[in-house]
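Q: One structure is given below, represented as structure tokens, and several questions about it will come after.
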Amino acid sequence: INKEVLETVDRIYFCGNFGDPLLNDNLIEICKYAKETSPKTAIGIHTNGSLRNAKWWADLAQSLPQDHCVYFALDGLEDTHALYRINTDWNRVINNAITFIGAGGDARWDMLVFEHNQHQIDECRELSKRLGMENFSVKHTTRFKDGKFAVLNEQGQQIDTLYPSQKSKEM
């Protein structure tokens, strides 16, 4: 995107339905280019936060314009998070968020609520404040067919079943 076009853009969102934006090896360079070319263009990144190392996260914070935020998809605490976020490591996500915030990044906690983690909302909200996150958002999902959500492995075999939160059932 050239300068003339980029200067007309208010906000860029990096958000994947079938993949995490952090899989793009050029994400930091893209953010640097946007920041240098059009510093007033805001950037938002939605991620599960489990990828990359601490240096990468510190570099990301420095590559973003002043108006930015990274939304970390943290669906509960250590014991419940990976039930939906398969193959993610809760401690790694937390450490990546801490590194990002420590390097000047604006982080937000987005929590999908299910039956198995709805009891953790208050504790997650409090933890987000202690970590220095700018916002905590609860999302009651309607991603259920027939009142349940089948969790599949890489071979397409069902390995678990998740159920909606009480509020999701009422939606």
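By convention in this document, the chains of the structure tokens carry letters A, B, ... by their order, each chain's residues are numbered from 1, and ligands are numbered from 1 in the order they are shown.
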Identify, on the basis of only C-alpha atoms, every residue whose closest approach to range 100-110 of chain A does not exceed 10 Å; exclude the query and any residue fewer than 6 positions from it along the same chain; express the result as an NGL selection string.
A: :A and (44-48 or 54-76 or 94 or 124-125 or 127-129 or 131-139)
Q: Can you pull out the residues contacting Val5 in chain A? Cut-off 12 Å, using only C-alpha atoms, and skip same-chain residues under 4 positions away; I want them as a ChimeraX atom specification.
A: /A:1,9-10,34,37-38,41
Q: Limited to all heavy atoms, could you put the picked residues into a file as a PDB file, in the first residue's frame?
A:
```pdb
ATOM      1  N   ILE A   1       0.867  -1.181   0.000  1.00  0.00           N
ATOM      2  CA  ILE A   1       0.000   0.000   0.000  1.00  0.00           C
ATOM      3  C   ILE A   1       0.900   1.226   0.000  1.00  0.00           C
ATOM      4  O   ILE A   1       1.769   1.344   0.865  1.00  0.00           O
ATOM      5  CB  ILE A   1      -0.931   0.019   1.228  1.00  0.00           C
ATOM      6  CG1 ILE A   1      -1.811  -1.225   1.272  1.00  0.00           C
ATOM      7  CG2 ILE A   1      -1.772   1.271   1.240  1.00  0.00           C
ATOM      8  CD1 ILE A   1      -2.671  -1.332   2.517  1.00  0.00           C
ATOM      9  N   VAL A   9      -6.327   5.471   5.593  1.00  0.00           N
ATOM     10  CA  VAL A   9      -6.808   4.346   6.407  1.00  0.00           C
ATOM     11  C   VAL A   9      -6.752   4.727   7.879  1.00  0.00           C
ATOM     12  O   VAL A   9      -5.712   5.144   8.379  1.00  0.00           O
ATOM     13  CB  VAL A   9      -5.940   3.086   6.140  1.00  0.00           C
ATOM     14  CG1 VAL A   9      -6.350   1.954   7.055  1.00  0.00           C
ATOM     15  CG2 VAL A   9      -6.032   2.682   4.678  1.00  0.00           C
ATOM     16  N   ASP A  10      -7.885   4.598   8.578  1.00  0.00           N
ATOM     17  CA  ASP A  10      -7.940   4.923  10.005  1.00  0.00           C
ATOM     18  C   ASP A  10      -7.341   3.832  10.878  1.00  0.00           C
ATOM     19  O   ASP A  10      -6.648   4.107  11.849  1.00  0.00           O
ATOM     20  CB  ASP A  10      -9.386   5.153  10.460  1.00  0.00           C
ATOM     21  CG  ASP A  10      -9.997   6.385   9.844  1.00  0.00           C
ATOM     22  OD1 ASP A  10      -9.271   7.358   9.584  1.00  0.00           O
ATOM     23  OD2 ASP A  10     -11.228   6.367   9.614  1.00  0.00           O
ATOM     24  N   ALA A  34       3.818   0.607   8.196  1.00  0.00           N
ATOM     25  CA  ALA A  34       2.604   1.395   8.446  1.00  0.00           C
ATOM     26  C   ALA A  34       2.895   2.538   9.414  1.00  0.00           C
ATOM     27  O   ALA A  34       2.451   3.670   9.205  1.00  0.00           O
ATOM     28  CB  ALA A  34       1.493   0.495   8.976  1.00  0.00           C
ATOM     29  N   THR A  37       5.082   5.165   7.561  1.00  0.00           N
ATOM     30  CA  THR A  37       4.416   5.769   6.414  1.00  0.00           C
ATOM     31  C   THR A  37       3.211   6.601   6.824  1.00  0.00           C
ATOM     32  O   THR A  37       2.961   7.662   6.258  1.00  0.00           O
ATOM     33  CB  THR A  37       3.986   4.661   5.421  1.00  0.00           C
ATOM     34  OG1 THR A  37       5.125   3.883   5.093  1.00  0.00           O
ATOM     35  CG2 THR A  37       3.392   5.245   4.163  1.00  0.00           C
ATOM     36  N   SER A  38       2.467   6.117   7.801  1.00  0.00           N
ATOM     37  CA  SER A  38       1.250   6.802   8.241  1.00  0.00           C
ATOM     38  C   SER A  38       1.079   6.623   9.747  1.00  0.00           C
ATOM     39  O   SER A  38       0.289   5.802  10.206  1.00  0.00           O
ATOM     40  CB  SER A  38       0.036   6.237   7.498  1.00  0.00           C
ATOM     41  OG  SER A  38      -1.142   6.897   7.891  1.00  0.00           O
ATOM     42  N   THR A  41      -2.302   6.031  11.519  1.00  0.00           N
ATOM     43  CA  THR A  41      -3.096   4.825  11.269  1.00  0.00           C
ATOM     44  C   THR A  41      -2.924   3.871  12.452  1.00  0.00           C
ATOM     45  O   THR A  41      -1.820   3.462  12.777  1.00  0.00           O
ATOM     46  CB  THR A  41      -2.658   4.133   9.958  1.00  0.00           C
ATOM     47  OG1 THR A  41      -2.844   5.044   8.869  1.00  0.00           O
ATOM     48  CG2 THR A  41      -3.476   2.879   9.709  1.00  0.00           C
TER      49      THR A  41
END
```
Q: Applying 7 Å and only C-alpha atoms, which residues near range 20-23 of chain A remain after dropping the ones on its own chain fewer than 4 positions away? List them as a PyMOL selection string.
A: chain A and resi 14-16+27+47+51
Q: For all heavy atoms, I'd like the residues from the last selection saved as a PDB file, in the first residue's frame.
A:
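again09.pdb was written with the following content:
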```
ATOM      1  N   PHE A  14      -5.405  -6.976  12.088  1.00  0.00           N
ATOM      2  CA  PHE A  14      -4.872  -8.272  11.702  1.00  0.00           C
ATOM      3  C   PHE A  14      -5.604  -9.294  12.561  1.00  0.00           C
ATOM      4  O   PHE A  14      -5.427  -9.327  13.771  1.00  0.00           O
ATOM      5  CB  PHE A  14      -3.363  -8.349  11.957  1.00  0.00           C
ATOM      6  CG  PHE A  14      -2.561  -7.399  11.117  1.00  0.00           C
ATOM      7  CD1 PHE A  14      -2.171  -6.172  11.621  1.00  0.00           C
ATOM      8  CD2 PHE A  14      -2.199  -7.742   9.818  1.00  0.00           C
ATOM      9  CE1 PHE A  14      -1.422  -5.298  10.849  1.00  0.00           C
ATOM     10  CE2 PHE A  14      -1.451  -6.871   9.043  1.00  0.00           C
ATOM     11  CZ  PHE A  14      -1.063  -5.646   9.553  1.00  0.00           C
ATOM     12  N   CYS A  15      -6.463 -10.085  11.910  1.00  0.00           N
ATOM     13  CA  CYS A  15      -7.281 -11.040  12.644  1.00  0.00           C
ATOM     14  C   CYS A  15      -7.559 -12.225  11.737  1.00  0.00           C
ATOM     15  O   CYS A  15      -8.022 -12.038  10.615  1.00  0.00           O
ATOM     16  CB  CYS A  15      -8.595 -10.374  13.053  1.00  0.00           C
ATOM     17  SG  CYS A  15      -9.695 -11.425  13.988  1.00  0.00           S
ATOM     18  N   GLY A  16      -7.255 -13.422  12.199  1.00  0.00           N
ATOM     19  CA  GLY A  16      -7.472 -14.590  11.356  1.00  0.00           C
ATOM     20  C   GLY A  16      -8.556 -15.489  11.881  1.00  0.00           C
ATOM     21  O   GLY A  16      -8.622 -15.744  13.078  1.00  0.00           O
ATOM     22  N   LEU A  27       5.050  -9.769   9.763  1.00  0.00           N
ATOM     23  CA  LEU A  27       4.124  -8.914  10.510  1.00  0.00           C
ATOM     24  C   LEU A  27       4.821  -7.693  11.114  1.00  0.00           C
ATOM     25  O   LEU A  27       4.314  -6.573  11.009  1.00  0.00           O
ATOM     26  CB  LEU A  27       3.410  -9.712  11.606  1.00  0.00           C
ATOM     27  CG  LEU A  27       2.363  -8.936  12.402  1.00  0.00           C
ATOM     28  CD1 LEU A  27       1.238  -8.431  11.499  1.00  0.00           C
ATOM     29  CD2 LEU A  27       1.790  -9.805  13.507  1.00  0.00           C
ATOM     30  N   THR A  47      -4.814 -12.223  18.467  1.00  0.00           N
ATOM     31  CA  THR A  47      -3.942 -13.394  18.476  1.00  0.00           C
ATOM     32  C   THR A  47      -4.240 -14.292  19.671  1.00  0.00           C
ATOM     33  O   THR A  47      -4.760 -13.822  20.689  1.00  0.00           O
ATOM     34  CB  THR A  47      -2.453 -12.968  18.524  1.00  0.00           C
ATOM     35  OG1 THR A  47      -1.625 -14.128  18.581  1.00  0.00           O
ATOM     36  CG2 THR A  47      -2.156 -12.079  19.717  1.00  0.00           C
ATOM     37  N   LEU A  51       2.496 -17.848  20.044  1.00  0.00           N
ATOM     38  CA  LEU A  51       3.626 -17.944  19.121  1.00  0.00           C
ATOM     39  C   LEU A  51       4.711 -16.933  19.451  1.00  0.00           C
ATOM     40  O   LEU A  51       4.461 -15.925  20.096  1.00  0.00           O
ATOM     41  CB  LEU A  51       3.143 -17.715  17.683  1.00  0.00           C
ATOM     42  CG  LEU A  51       2.089 -18.693  17.179  1.00  0.00           C
ATOM     43  CD1 LEU A  51       1.579 -18.262  15.811  1.00  0.00           C
ATOM     44  CD2 LEU A  51       2.648 -20.100  17.113  1.00  0.00           C
TER      45      LEU A  51
END
```
Q: I want to know what sits within 12 Å of His140 in chain A, based on only C-alpha atoms, with residues of the same chain fewer than 3 positions away left out; could you give that as a list of chain:residue names?
A: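 Selected residues are A:Asp75, A:Asp110, A:Met111, A:Leu112, A:Val113, A:Phe114, A:Glu115, A:Asn117, A:Gln118, A:Ile121, A:Ser137, A:Arg143, A:Phe144, A:Tyr163, A:Pro164, A:Ser165, A:Gln166, A:Lys167, A:Ser168, A:Lys169, A:Glu170, A:Met171.
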Q: Can you tell me, as JSON, numbers by chain, which residues in chain A count as helix (DSSP H, G or I) by DSSP?
A: {"A": [3, 4, 5, 6, 21, 22, 23, 27, 28, 29, 30, 31, 32, 33, 34, 35, 36, 37, 54, 55, 56, 57, 58, 59, 60, 61, 62, 63, 81, 82, 83, 90, 91, 92, 93, 94, 95, 96, 97, 98, 99, 100, 101, 102, 118, 119, 120, 121, 122, 123, 124, 125, 126, 127, 128, 129, 130, 131, 166, 167, 168, 169, 170]}
